[in-house]
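Undergrad: Hey, dropping start-v1.cif in here, mmCIF, C-alpha atoms:
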```cif
data_target
loop_
_atom_site.label_atom_id
_atom_site.label_comp_id
_atom_site.auth_asym_id
_atom_site.auth_seq_id
_atom_site.Cartn_x
_atom_site.Cartn_y
_atom_site.Cartn_z
CA MET A 427 -17.00 64.03 -91.07
CA ALA A 428 -15.69 60.52 -90.34
CA ALA A 429 -13.55 59.92 -87.28
CA PRO A 430 -9.81 59.46 -88.01
CA ALA A 431 -8.73 55.86 -88.54
CA GLN A 432 -5.43 56.38 -86.74
CA GLY A 433 -4.78 57.33 -83.12
CA PRO A 434 -3.09 60.59 -82.07
CA LYS A 435 0.48 61.12 -83.23
CA GLY A 436 3.01 59.39 -81.02
CA THR A 437 0.59 56.79 -79.65
CA ARG A 438 0.15 53.09 -80.39
CA ASP A 439 -2.71 50.68 -80.91
CA PHE A 440 -2.15 47.35 -79.21
CA TYR A 441 -3.75 44.50 -81.13
CA PRO A 442 -3.84 41.16 -79.26
CA GLU A 443 -0.49 40.04 -80.71
CA ASP A 444 1.05 43.38 -79.69
CA MET A 445 -0.51 43.11 -76.25
CA ALA A 446 0.97 39.62 -75.85
CA PHE A 447 4.42 41.05 -76.60
CA GLN A 448 3.84 43.84 -74.07
CA GLN A 449 2.69 41.34 -71.45
CA TYR A 450 5.85 39.33 -72.04
CA ILE A 451 7.87 42.45 -71.17
CA PHE A 452 5.73 43.28 -68.13
CA ASP A 453 5.84 39.72 -66.76
CA SER A 454 9.63 39.77 -66.97
CA TRP A 455 9.77 43.18 -65.25
CA HIS A 456 7.50 42.02 -62.43
CA SER A 457 9.62 38.91 -61.94
CA SER A 458 12.90 40.87 -61.84
CA CYS A 459 11.53 43.38 -59.32
CA LYS A 460 10.20 40.70 -57.02
CA LYS A 461 13.50 38.83 -57.22
CA TYR A 462 15.23 41.90 -55.81
CA GLY A 463 12.66 42.42 -53.06
CA PHE A 464 10.76 45.41 -54.46
CA GLU A 465 7.05 46.03 -53.91
CA GLN A 466 4.70 47.62 -56.41
CA TYR A 467 3.08 51.04 -56.08
CA GLU A 468 1.20 53.39 -58.39
CA GLY A 469 0.15 57.04 -58.54
CA PRO A 470 -2.43 59.09 -60.47
CA MET A 471 -2.27 59.37 -64.25
CA PHE A 472 -2.20 63.17 -63.93
CA GLU A 473 -0.67 65.52 -61.38
CA HIS A 474 -0.74 69.20 -60.48
CA LEU A 475 1.45 70.96 -63.02
CA GLU A 476 3.47 72.63 -60.28
CA ILE A 477 5.12 69.39 -59.14
CA TYR A 478 6.98 69.43 -62.48
CA THR A 479 7.60 73.18 -62.77
CA GLN A 480 8.78 73.27 -59.15
CA LYS A 481 11.75 71.07 -59.95
CA SER A 482 12.37 71.94 -63.61
CA GLY A 483 11.09 75.49 -64.14
CA ASP A 484 8.20 76.77 -66.23
CA GLU A 485 9.91 75.81 -69.50
CA ILE A 486 9.11 72.15 -68.80
CA GLU A 487 5.45 72.84 -69.62
CA LYS A 488 6.31 72.83 -73.33
CA GLN A 489 7.14 69.13 -73.06
CA LEU A 490 3.96 68.18 -71.21
CA TYR A 491 0.33 67.50 -72.00
CA THR A 492 -1.39 70.10 -69.83
CA PHE A 493 -4.97 71.25 -69.28
CA GLU A 494 -7.16 73.04 -66.79
CA ASP A 495 -9.76 71.04 -64.91
CA LYS A 496 -13.28 72.34 -64.30
CA ALA A 497 -12.13 74.18 -61.18
CA GLY A 498 -9.41 76.00 -63.14
CA ARG A 499 -6.51 74.01 -61.67
CA LYS A 500 -3.53 73.43 -63.99
CA ILE A 501 -3.01 69.73 -64.51
CA ALA A 502 -0.43 67.70 -66.47
CA LEU A 503 -0.42 64.12 -67.66
CA ARG A 504 2.58 62.59 -65.93
CA PRO A 505 5.77 62.57 -68.07
CA GLU A 506 7.73 60.54 -65.50
CA LEU A 507 7.03 58.89 -62.17
CA THR A 508 9.90 60.07 -59.93
CA PRO A 509 8.14 63.34 -58.92
CA THR A 510 5.03 61.33 -58.00
CA LEU A 511 7.15 58.98 -55.91
CA ALA A 512 8.88 61.92 -54.20
CA ARG A 513 5.50 63.56 -53.50
CA MET A 514 4.16 60.33 -52.03
CA ALA A 515 7.27 59.91 -49.91
CA ALA A 516 6.93 63.52 -48.70
CA ALA A 517 3.28 62.89 -47.80
CA GLY A 518 4.18 59.67 -46.01
CA GLY A 519 6.98 61.40 -44.12
CA THR A 520 8.55 59.47 -41.27
CA ASN A 521 5.64 56.99 -41.27
CA LEU A 522 7.16 55.19 -44.27
CA LYS A 523 9.31 52.27 -43.21
CA ARG A 524 12.83 52.75 -44.52
CA PRO A 525 14.34 51.68 -46.72
CA VAL A 526 11.60 52.09 -49.30
CA ARG A 527 12.05 49.56 -52.13
CA TRP A 528 9.31 50.34 -54.65
CA TYR A 529 8.66 49.69 -58.31
CA SER A 530 5.98 50.71 -60.77
CA ILE A 531 5.06 49.86 -64.36
CA SER A 532 3.25 52.98 -65.52
CA ARG A 533 1.90 54.71 -68.62
CA LEU A 534 3.54 58.11 -69.23
CA PHE A 535 3.12 61.02 -71.65
CA ARG A 536 5.55 63.56 -73.10
CA TYR A 537 4.83 66.09 -75.81
CA GLU A 538 8.16 66.04 -77.60
CA LYS A 539 9.68 65.41 -81.00
CA MET A 540 9.30 61.79 -82.02
CA GLN A 541 12.21 59.68 -83.20
CA LYS A 542 13.23 56.03 -83.23
CA GLY A 543 12.65 54.63 -79.77
CA ARG A 544 10.72 57.69 -78.57
CA LEU A 545 6.96 58.19 -78.60
CA ARG A 546 4.59 60.57 -76.85
CA GLU A 547 2.84 57.81 -74.94
CA PHE A 548 4.88 54.97 -73.49
CA ILE A 549 5.14 52.56 -70.58
CA GLN A 550 8.02 52.61 -68.15
CA LEU A 551 9.41 50.50 -65.34
CA ASN A 552 10.67 52.50 -62.36
CA MET A 553 12.67 51.00 -59.49
CA ASP A 554 13.68 53.16 -56.53
CA ILE A 555 15.33 52.86 -53.12
CA LEU A 556 14.68 55.63 -50.59
CA GLY A 557 16.27 56.12 -47.20
CA VAL A 558 19.78 54.75 -47.89
CA GLU A 559 22.66 57.17 -48.39
CA GLU A 560 25.32 54.48 -48.74
CA THR A 561 26.68 53.60 -52.18
CA ALA A 562 25.32 50.10 -51.65
CA ALA A 563 21.88 51.38 -52.73
CA ASP A 564 23.32 52.67 -56.02
CA ALA A 565 25.01 49.32 -56.61
CA GLU A 566 21.79 47.41 -55.84
CA LEU A 567 19.81 49.49 -58.36
CA ILE A 568 22.46 49.18 -61.06
CA ALA A 569 22.60 45.43 -60.47
CA ALA A 570 18.80 45.28 -60.74
CA SER A 571 18.86 47.27 -63.99
CA ILE A 572 21.39 44.84 -65.45
CA ASP A 573 19.36 41.84 -64.37
CA THR A 574 16.15 43.21 -65.90
CA MET A 575 18.02 43.05 -69.21
CA ARG A 576 19.65 39.68 -68.60
CA ALA A 577 16.20 38.23 -67.87
CA PHE A 578 15.37 38.78 -71.56
CA GLY A 579 18.50 36.93 -72.68
CA PHE A 580 20.78 39.93 -73.26
CA ASN A 581 24.44 39.77 -72.16
CA GLN A 582 27.51 42.01 -71.99
CA ASP A 583 27.91 41.74 -75.76
CA ASP A 584 24.50 43.38 -76.17
CA PHE A 585 24.56 46.22 -73.63
CA LYS A 586 26.73 48.08 -71.12
CA VAL A 587 26.07 50.37 -68.17
CA ARG A 588 27.92 53.68 -68.40
CA ILE A 589 28.47 55.21 -64.99
CA SER A 590 29.52 58.67 -63.82
CA SER A 591 28.77 61.14 -61.01
CA ARG A 592 27.15 64.57 -61.15
CA THR A 593 28.95 65.44 -57.90
CA LEU A 594 32.33 64.48 -59.37
CA LEU A 595 31.62 66.46 -62.53
CA GLU A 596 30.67 69.52 -60.52
CA GLU A 597 33.82 69.30 -58.40
CA LEU A 598 36.06 68.82 -61.44
CA PHE A 599 34.37 71.60 -63.42
CA LEU A 600 34.75 74.07 -60.55
CA GLN A 601 38.39 73.09 -60.10
CA SER A 602 38.89 73.63 -63.84
CA GLY A 603 37.63 77.21 -63.58
CA VAL A 604 33.98 76.79 -64.62
CA GLU A 605 31.70 79.21 -62.80
CA ARG A 606 28.86 77.71 -60.77
CA GLY A 607 26.33 79.70 -62.80
CA GLN A 608 27.54 77.95 -65.97
CA LEU A 609 26.97 74.42 -64.68
CA LYS A 610 23.30 74.06 -65.65
CA ALA A 611 23.92 75.04 -69.28
CA LEU A 612 27.04 72.89 -69.38
CA TYR A 613 25.17 69.82 -68.12
CA ALA A 614 22.45 70.36 -70.74
CA LEU A 615 25.10 70.55 -73.48
CA LEU A 616 26.91 67.44 -72.25
CA ASP A 617 23.66 65.49 -72.13
CA LYS A 618 23.30 65.91 -75.91
CA LYS A 619 27.02 65.60 -76.72
CA ASN A 620 26.63 62.27 -78.50
CA LYS A 621 23.67 63.57 -80.54
CA ILE A 622 25.46 66.54 -82.16
CA SER A 623 28.61 66.98 -84.24
CA ALA A 624 31.97 67.85 -82.70
CA ASP A 625 31.89 71.28 -84.40
CA VAL A 626 28.45 72.11 -83.01
CA PHE A 627 29.52 70.93 -79.56
CA SER A 628 32.66 73.09 -79.71
CA THR A 629 30.67 76.14 -80.82
CA GLU A 630 28.07 75.73 -78.08
CA LEU A 631 30.75 75.08 -75.46
CA SER A 632 32.46 78.36 -76.45
CA GLY A 633 29.15 80.13 -75.91
CA ILE A 634 28.95 78.78 -72.36
CA VAL A 635 32.62 78.90 -71.33
CA ALA A 636 34.45 81.88 -72.80
CA HIS A 637 37.93 81.20 -71.42
CA GLU A 638 39.97 79.00 -73.73
CA THR A 639 42.13 77.63 -70.89
CA VAL A 640 39.01 76.43 -69.07
CA ARG A 641 37.69 74.78 -72.25
CA LYS A 642 41.03 72.98 -72.68
CA LYS A 643 40.73 71.70 -69.13
CA ILE A 644 37.22 70.44 -69.93
CA ASP A 645 38.53 68.72 -73.08
CA GLU A 646 41.27 67.13 -70.97
CA LEU A 647 38.66 65.92 -68.50
CA PHE A 648 36.58 64.35 -71.24
CA SER A 649 39.60 62.57 -72.65
CA SER A 650 39.62 60.50 -69.43
CA ARG A 651 38.63 56.91 -70.03
CA THR A 652 39.11 55.50 -66.51
CA LEU A 653 38.95 56.67 -62.91
CA ASN A 654 42.74 56.39 -62.84
CA ASP A 655 42.92 58.90 -65.72
CA VAL A 656 40.85 61.34 -63.66
CA GLU A 657 43.13 60.86 -60.64
CA GLN A 658 46.24 61.54 -62.71
CA ILE A 659 44.79 64.81 -64.02
CA PHE A 660 42.95 66.15 -60.97
CA GLY A 661 44.26 64.19 -57.97
CA THR A 662 42.48 61.83 -55.58
CA ASP A 663 41.04 64.18 -52.97
CA PHE A 664 37.39 63.82 -54.01
CA THR A 665 34.77 61.97 -51.97
CA SER A 666 32.75 61.38 -55.11
CA LEU A 667 35.74 59.68 -56.74
CA LYS A 668 36.02 57.31 -53.78
CA GLN A 669 32.28 56.57 -54.03
CA LEU A 670 32.66 55.59 -57.68
CA LYS A 671 35.57 53.30 -56.84
CA GLN A 672 33.49 51.69 -54.12
CA LEU A 673 30.59 51.28 -56.55
CA PHE A 674 32.69 49.42 -59.09
CA SER A 675 34.05 47.23 -56.30
CA LEU A 676 30.50 46.35 -55.24
CA LEU A 677 29.46 45.56 -58.81
CA ASP A 678 32.44 43.21 -58.95
CA ALA A 679 31.02 41.46 -55.84
CA TYR A 680 27.69 41.10 -57.68
CA GLY A 681 29.59 39.45 -60.52
CA LEU A 682 28.43 42.19 -62.88
CA ASP A 683 31.62 44.19 -63.38
CA SER A 684 31.85 43.08 -67.03
CA TYR A 685 28.71 45.14 -67.75
CA ALA A 686 29.89 48.37 -66.09
CA VAL A 687 32.18 51.04 -67.57
CA PHE A 688 33.16 54.49 -66.36
CA ASP A 689 32.04 57.27 -68.71
CA ILE A 690 32.70 60.83 -67.56
CA GLY A 691 30.25 62.10 -70.20
CA ILE A 692 27.13 60.60 -68.58
CA VAL A 693 25.30 63.46 -66.86
CA ARG A 694 21.56 62.68 -67.30
CA GLY A 695 19.40 65.57 -68.45
CA LEU A 696 17.17 65.95 -65.40
CA ALA A 697 18.27 68.63 -62.97
CA TYR A 698 17.33 66.77 -59.80
CA TYR A 699 20.20 64.25 -59.98
CA THR A 700 22.71 64.81 -57.18
CA GLY A 701 25.32 62.05 -57.31
CA ILE A 702 26.05 58.82 -59.18
CA VAL A 703 24.25 58.59 -62.54
CA PHE A 704 24.14 55.80 -65.08
CA GLU A 705 22.67 54.81 -68.45
CA LEU A 706 22.27 51.49 -70.23
CA PHE A 707 23.22 51.52 -73.92
CA ASP A 708 23.12 48.84 -76.58
CA VAL A 709 26.65 48.00 -77.67
CA LYS A 710 25.91 48.51 -81.37
CA GLY A 711 24.71 52.03 -80.66
CA ASN A 712 21.72 51.84 -82.97
CA LEU A 713 19.28 53.09 -80.32
CA ARG A 714 19.08 55.83 -77.73
CA ALA A 715 19.64 54.93 -74.08
CA ILE A 716 17.73 51.81 -73.05
CA ALA A 717 17.49 52.86 -69.40
CA GLY A 718 18.94 55.40 -67.03
CA GLY A 719 18.88 56.67 -63.49
CA GLY A 720 20.84 57.99 -60.57
CA ARG A 721 20.75 59.54 -57.15
CA TYR A 722 18.30 62.33 -56.26
CA ASP A 723 18.79 63.09 -52.57
CA ASN A 724 16.97 66.45 -52.48
CA LEU A 725 13.70 65.78 -54.30
CA VAL A 726 11.58 64.52 -51.38
CA LYS A 727 12.58 67.56 -49.32
CA LEU A 728 11.71 69.83 -52.26
CA TYR A 729 8.13 68.57 -51.98
CA GLY A 730 7.93 69.28 -48.27
CA GLY A 731 9.14 65.97 -46.86
CA PRO A 732 12.14 65.17 -44.70
CA GLN A 733 15.64 65.07 -46.17
CA THR A 734 15.66 61.66 -47.86
CA PRO A 735 18.48 60.01 -49.76
CA ALA A 736 17.11 58.33 -52.88
CA VAL A 737 18.28 56.51 -55.99
CA GLY A 738 16.32 55.03 -58.86
CA PHE A 739 16.24 54.10 -62.52
CA ALA A 740 13.70 53.74 -65.32
CA VAL A 741 13.50 51.67 -68.50
CA GLY A 742 10.91 52.33 -71.21
CA ASP A 743 9.10 49.74 -73.27
CA VAL A 744 9.68 51.48 -76.63
CA VAL A 745 13.47 51.24 -76.90
CA LEU A 746 13.48 47.88 -75.16
CA GLY A 747 10.87 46.58 -77.60
CA GLU A 748 12.97 47.73 -80.56
CA LEU A 749 16.01 45.97 -79.11
CA LEU A 750 14.11 42.75 -78.42
CA LYS A 751 12.76 42.64 -81.97
CA SER A 752 16.18 43.38 -83.48
CA LYS A 753 17.61 40.41 -81.59
CA GLY A 754 14.67 38.18 -82.46
CA ILE A 755 13.83 37.80 -78.78
CA ALA A 756 10.09 37.41 -78.51
CA PRO A 757 7.92 34.48 -77.48
CA PRO A 758 5.16 33.11 -79.73
CA GLN A 759 1.71 34.49 -79.07
CA PRO A 760 0.21 32.40 -76.25
CA PRO A 761 -3.00 30.36 -76.64
CA ARG A 762 -6.19 32.36 -76.33
CA SER A 763 -7.69 29.31 -74.67
CA ASP A 764 -6.23 25.94 -73.74
CA LEU A 765 -9.22 23.92 -74.88
CA PHE A 766 -11.73 24.25 -77.72
CA LEU A 767 -15.01 22.34 -77.47
CA ILE A 768 -16.29 20.95 -80.78
CA SER A 769 -19.85 19.82 -81.36
CA ILE A 770 -20.09 16.69 -83.51
CA ASP A 771 -23.85 16.85 -84.05
CA ASN A 772 -26.58 19.44 -83.76
CA ASP A 773 -28.08 17.86 -80.65
CA SER A 774 -24.94 18.49 -78.56
CA TYR A 775 -24.83 22.30 -78.60
CA THR A 776 -26.49 22.74 -75.19
CA LYS A 777 -24.17 20.02 -73.92
CA ILE A 778 -21.25 22.07 -75.25
CA ILE A 779 -22.37 25.10 -73.23
CA SER A 780 -22.92 23.19 -69.97
CA THR A 781 -19.60 21.36 -70.38
CA ALA A 782 -17.78 24.63 -71.05
CA GLN A 783 -19.13 26.16 -67.87
CA LYS A 784 -18.26 23.09 -65.84
CA LEU A 785 -14.69 23.16 -67.16
CA ARG A 786 -14.36 26.91 -66.60
CA ASN A 787 -15.49 26.44 -63.03
CA MET A 788 -12.64 23.95 -62.68
CA GLY A 789 -10.21 26.62 -63.84
CA ILE A 790 -9.77 25.29 -67.36
CA SER A 791 -9.62 27.94 -70.09
CA CYS A 792 -11.96 26.96 -72.91
CA GLU A 793 -14.23 28.28 -75.64
CA PHE A 794 -16.51 27.02 -78.42
CA SER A 795 -18.14 28.23 -81.62
CA LEU A 796 -20.89 30.74 -80.95
CA LYS A 797 -22.61 29.69 -84.16
CA GLU A 798 -24.86 26.69 -83.67
CA ASN A 799 -24.75 23.98 -86.36
CA SER A 800 -21.24 24.90 -87.58
CA ASN A 801 -19.54 21.99 -89.33
CA ILE A 802 -16.55 20.31 -87.72
CA GLY A 803 -14.07 21.79 -90.22
CA LYS A 804 -15.10 25.35 -89.40
CA GLN A 805 -14.94 24.61 -85.67
CA LEU A 806 -11.41 23.21 -86.02
CA LYS A 807 -10.42 26.33 -87.92
CA LEU A 808 -11.75 28.41 -85.01
CA ALA A 809 -9.73 26.25 -82.63
CA ASN A 810 -6.58 26.94 -84.65
CA ASN A 811 -7.35 30.66 -84.72
CA ALA A 812 -7.65 30.54 -80.93
CA ARG A 813 -4.26 28.78 -80.80
CA SER A 814 -5.87 26.20 -78.52
CA ARG A 815 -3.68 23.29 -77.50
CA PHE A 816 -6.48 20.75 -77.31
CA ALA A 817 -9.87 20.09 -78.87
CA LEU A 818 -12.58 18.14 -77.05
CA PHE A 819 -15.19 16.54 -79.36
CA ILE A 820 -18.64 16.23 -77.80
CA GLY A 821 -21.50 14.12 -79.22
CA GLY A 822 -21.60 11.45 -81.91
CA GLU A 823 -20.98 7.76 -81.31
CA GLU A 824 -18.56 8.46 -78.46
CA ALA A 825 -21.37 10.11 -76.45
CA THR A 826 -23.46 6.92 -76.57
CA LEU A 827 -20.51 5.11 -74.96
CA GLY A 828 -20.13 7.77 -72.24
CA LYS A 829 -16.90 9.07 -73.77
CA MET A 830 -15.41 12.20 -75.37
CA ARG A 831 -12.57 12.40 -77.89
CA LEU A 832 -9.62 14.60 -76.86
CA LYS A 833 -7.25 15.73 -79.60
CA ASN A 834 -3.85 17.33 -79.07
CA LEU A 835 -3.75 20.08 -81.71
CA ILE A 836 0.02 20.41 -81.39
CA ASP A 837 1.04 16.84 -82.28
CA GLY A 838 -2.26 15.48 -83.66
CA SER A 839 -2.57 12.61 -81.16
CA GLU A 840 -6.04 11.58 -79.96
CA GLU A 841 -7.53 9.58 -77.09
CA LEU A 842 -10.96 8.61 -75.80
CA VAL A 843 -11.77 9.85 -72.31
CA ASP A 844 -14.57 8.73 -70.01
CA VAL A 845 -17.00 11.57 -69.38
CA ASP A 846 -16.66 11.18 -65.61
CA LYS A 847 -12.86 11.32 -65.88
CA ILE A 848 -12.59 14.38 -68.11
CA GLU A 849 -11.44 16.73 -65.33
CA PRO A 850 -8.43 14.72 -64.06
CA THR A 851 -7.48 13.77 -67.61
CA LEU A 852 -7.46 17.38 -68.79
CA LYS A 853 -5.51 18.54 -65.75
CA THR A 854 -2.96 15.79 -66.37
CA ARG A 855 -2.56 16.75 -70.03
CA MET A 856 -2.40 20.49 -69.40
CA VAL A 857 -0.02 22.50 -67.25
CA PHE A 858 -1.75 25.02 -64.96
#
```
In structure tokens, how does this file's structure come out?
TA:
Amino acid sequence: MAAPAQGPKGTRDFYPEDMAFQQYIFDSWHSSCKKYGFEQYEGPMFEHLEIYTQKSGDEIEKQLYTFEDKAGRKIALRPELTPTLARMAAAGGTNLKRPVRWYSISRLFRYEKMQKGRLREFIQLNMDILGVEETAADAELIAASIDTMRAFGFNQDDFKVRISSRTLLEELFLQSGVERGQLKALYALLDKKNKISADVFSTELSGIVAHETVRKKIDELFSSRTLNDVEQIFGTDFTSLKQLKQLFSLLDAYGLDSYAVFDIGIVRGLAYYTGIVFELFDVKGNLRAIAGGGRYDNLVKLYGGPQTPAVGFAVGDVVLGELLKSKGIAPPQPPRSDLFLISIDNDSYTKIISTAQKLRNMGISCEFSLKENSNIGKQLKLANNARSRFALFIGGEEATLGKMRLKNLIDGSEELVDVDKIEPTLKTRMVF
């Protein structure tokens, strides 16, 4: 039986042109993280299953790729990186210099239903700050998330950051008459509110909250469009409300207030969030959330570490890639090599090889036809396929004069270069 021609469902093959597009995304991510003073870290591709069930319950296993290793230990391919970060922070304990400002670009796996912008294998940027309880850390991460998007050329007409607070929601729900035991189910329902019809939402809400007066209070809460609306309905005596006001004030100081909007309906689906939460959405609404994050002050302690305030966000390459392509934002595929060496006559092939090695040792990217005695036309075609910017012709009459012909394959211009001056000439013509 022949092996399948396609990879497993929910995965991707990256041909060189696809890989170039991915590298464009990664290079931009690296640059944005370094601009904000973050340092890179990484963890294992798989973890003990219990680090996920410990925070989310056994039901999470249905969404994971799990297996037993040869010693019978239950292992899971990582579906996200925050638990790994929290575990590492717990292991590092007080030896870690605070604040921690870390980022990672990691491959992740989730066994879930596929849809536009969602696959079972994907790559995700995570940025996190640990050790700062002040709202300034939340503002710094939200600013960083906005700038990772602006680095690609997006602006406030393309995306917005919707901001809320799990703490504020909890306080307002409890004041409205919701029982604490109903909160988990209510958060899960709210997290999918925009993905279901109003009738389905109303039916499921009735199943969670039986009292009609409480449901009316919840509807009133979700009619709020601004923080002032919330104050008029529920009053101002909430610390979480003051934190949100401070956050928006800080984003104004960053000059990014035009990107940020208050949205009481943002709750984030993960149970470990403890405070301010946010999601980045494309304005047209054609895609699921581009990125999201929030505060998770209890997760490091859950894994045996000290109580550690923490906030972070993640953006995946799948939705971002869809958005980039829809906007026509993608660079051309870069050259495979800057220079292609072309043999003019059959006697120059060994000269081609020795010249190539000399140039490579100088740091110049180059290649040549691996078929000896290829005609010049075929070699030029190979140079075009390699997207090389220059071709260097070796042999022929020029060789008897101690020269080589250098051709710019972009504009077609040519020049004769002395053999002993080839290195400085090439370095002048090329940007390294």
Undergrad: Within 8 Å of stretch 506-513 of chain A, counting only C-alpha atoms, which residues qualify if same-chain residues fewer than 5 places away don't, as a ChimeraX atom specification?
TA: /A:469,473,477-478,532,534-535,552,725-726,729,731
Undergrad: When the PyMOL selection byres ((chain A and resi 687-698) around 7) is applied to the file above, which residues end up in the set, as a list in words?
TA: Ser482, Val587, Arg588, Ile589, Ser590, Arg592, Tyr613, Ala614, Leu616, Asp617, Phe648, Arg651, Thr652, Tyr685, Ala686, Tyr699, Thr700, Val703, Phe704, Tyr722 and Leu725 of chain A
Undergrad: Can you write out as JSON lines which residues of stretch 555-668 of chain A fall within 8 Å of stretch 675-680 of chain A, alongside each residue's closest atom pair and its distance in Å to one decimal, counting all atoms listed in the file and ordering rows by chain and ascending residue number?
TA:
```
{"residue": "A:Ala562", "atom": "CA", "partner": "A:Leu676", "partner_atom": "CA", "distance": 7.3}
{"residue": "A:Ala565", "atom": "CA", "partner": "A:Leu677", "partner_atom": "CA", "distance": 6.2}
{"residue": "A:Ala569", "atom": "CA", "partner": "A:Leu677", "partner_atom": "CA", "distance": 7.1}
```
Undergrad: Just want the 8 Å neighbourhood of A:Asp743, counted on only C-alpha atoms, with same-chain residues fewer than 3 positions away dropped. Output as a count of residues only.
TA: 8
Undergrad: One decimal, in Å: what's the spacing between atom CA of A:Ala624 and atom CA of A:Thr639?
TA: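 So the two atoms, atom CA of A:Ala624 and atom CA of A:Thr639, lie 18.4 Å apart.
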Undergrad: Ranking A:Gly701, A:Gly603, A:Gly821, A:Gly483 by minimum distance to A:Gly738 and counting all atoms listed in the file, which one comes first?
TA: A:Gly701
Undergrad: A:Met445, A:Val709, A:Ile778, A:Ala516: which is nearest A:Gln733, counting only C-alpha atoms?
TA: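 Among the listed residues, the smallest separation from A:Gln733 belongs to A:Ala516.
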Undergrad: Given all atoms listed in the file as the basis, pick out the residue of A:Val745, A:Ala517, A:Val526, A:Leu598 nearest to A:Asp663.
TA: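 Comparing A:Val745, A:Ala517, A:Val526, A:Leu598 against A:Asp663, the winner is A:Leu598.
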Undergrad: Quick one: of A:Asp723, A:Asp625, A:Glu465, A:Glu646, who's nearest to A:Leu556, counting only C-alpha atoms?
TA: A:Asp723
Undergrad: Give me, please, the distance in Å between atom CA of A:Leu653 and atom CA of A:Arg721, quoted to one decimal.
TA: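 Pair atom CA of A:Leu653 / atom CA of A:Arg721 returns 19.3 Å.
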Undergrad: Could you give me, as a list in words, the residues within 10 Å of A:Ser839, counting all atoms listed in the file and dropping anything in the same chain fewer than 6 positions from it?
TA: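 Counting only the stated atoms, we get Phe816, Leu832 and Lys833 of chain A.
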Undergrad: As an exercise, work out the distance from atom CA of A:Gln582 to atom CA of A:Ser684 in Å and give it to one decimal place.
TA: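 Computing the Euclidean distance for atom CA of A:Gln582 and atom CA of A:Ser684 yields 6.7 Å.
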Undergrad: I'd like the box whose edges run along x, y and z of the file and which contains every listed atom of stretch 734-739 of chain A, padded by 3 Å per side; could you state its centre and edge lengths in Å, one decimal, as lines of an AutoDock Vina configuration file?
TA:
```
center_x = 17.1
center_y = 57.9
center_z = -55.2
size_x = 8.8
size_y = 13.6
size_z = 20.7
```
Undergrad: Would you pick out the contacts of A:Ile659 at 9 Å or less, using all atoms listed in the file, so that residues sharing its chain but fewer than 2 positions from it are not included, and give the list as a PyMOL selection string?
TA: chain A and resi 646-647+650+654-657+661
Undergrad: Just the residues within 10 Å of A:Ile572, please, counting all atoms listed in the file, with nothing from its chain fewer than 3 positions along; format it as number ranges by chain.
TA: A: 566-569, 575-577, 580-582, 585-587, 682, 685-686, 706, 717
Undergrad: Write the residues of the selection above to a file with C-alpha atoms, as a PDB file, in the coordinates of the input.
TA:
```pdb
ATOM      1  CA  GLU A 566      21.790  47.410 -55.840  1.00  0.00           C
ATOM      2  CA  LEU A 567      19.810  49.490 -58.360  1.00  0.00           C
ATOM      3  CA  ILE A 568      22.460  49.180 -61.060  1.00  0.00           C
ATOM      4  CA  ALA A 569      22.600  45.430 -60.470  1.00  0.00           C
ATOM      5  CA  MET A 575      18.020  43.050 -69.210  1.00  0.00           C
ATOM      6  CA  ARG A 576      19.650  39.680 -68.600  1.00  0.00           C
ATOM      7  CA  ALA A 577      16.200  38.230 -67.870  1.00  0.00           C
ATOM      8  CA  PHE A 580      20.780  39.930 -73.260  1.00  0.00           C
ATOM      9  CA  ASN A 581      24.440  39.770 -72.160  1.00  0.00           C
ATOM     10  CA  GLN A 582      27.510  42.010 -71.990  1.00  0.00           C
ATOM     11  CA  PHE A 585      24.560  46.220 -73.630  1.00  0.00           C
ATOM     12  CA  LYS A 586      26.730  48.080 -71.120  1.00  0.00           C
ATOM     13  CA  VAL A 587      26.070  50.370 -68.170  1.00  0.00           C
ATOM     14  CA  LEU A 682      28.430  42.190 -62.880  1.00  0.00           C
ATOM     15  CA  TYR A 685      28.710  45.140 -67.750  1.00  0.00           C
ATOM     16  CA  ALA A 686      29.890  48.370 -66.090  1.00  0.00           C
ATOM     17  CA  LEU A 706      22.270  51.490 -70.230  1.00  0.00           C
ATOM     18  CA  ALA A 717      17.490  52.860 -69.400  1.00  0.00           C
TER      19      ALA A 717
END
```
Undergrad: Using only C-alpha atoms, which residue out of A:Asp564, A:Asp583, A:Asp439, A:Glu840 lies closest to A:Phe674?
TA: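 Residue with the minimum atom-to-atom distance to A:Phe674: A:Asp564.
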Undergrad: Considering all atoms listed in the file, state which residue in the set A:Ser791, A:Thr629, A:Asn620, A:Thr520 is at the smallest distance from A:Gly557.
TA: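 Once distances to A:Gly557 are computed over all atoms listed in the file, the minimum belongs to A:Thr520.
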Undergrad: Got a sec to resolve the PyMOL selection byres ((chain A and resi 642) around 12) on this structure and send the residues as a list in words?
TA: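 The output of the PyMOL selection byres ((chain A and resi 642) around 12) on this file is Phe599, Ser602, Gly603, Val604, Ser628, Leu631, Ser632, Val635, Ala636, His637, Glu638, Thr639, Val640, Arg641, Lys643, Ile644, Asp645, Glu646, Leu647, Phe648 and Ser649 of chain A.
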Undergrad: Starting from the PyMOL selection byres ((chain A and resi 829) around 7), expand the selection into actual residues of this file and give them as a PyMOL selection string.
TA: chain A and resi 824-825+827-828+830-831+842-845
Undergrad: List as a PyMOL selection string the residues having at least one atom at most 10 Å from position (-0.2, 58.2, -79.1) as given in the file, counting all atoms listed in the file.
TA: chain A and resi 432-439+535-537+545-548
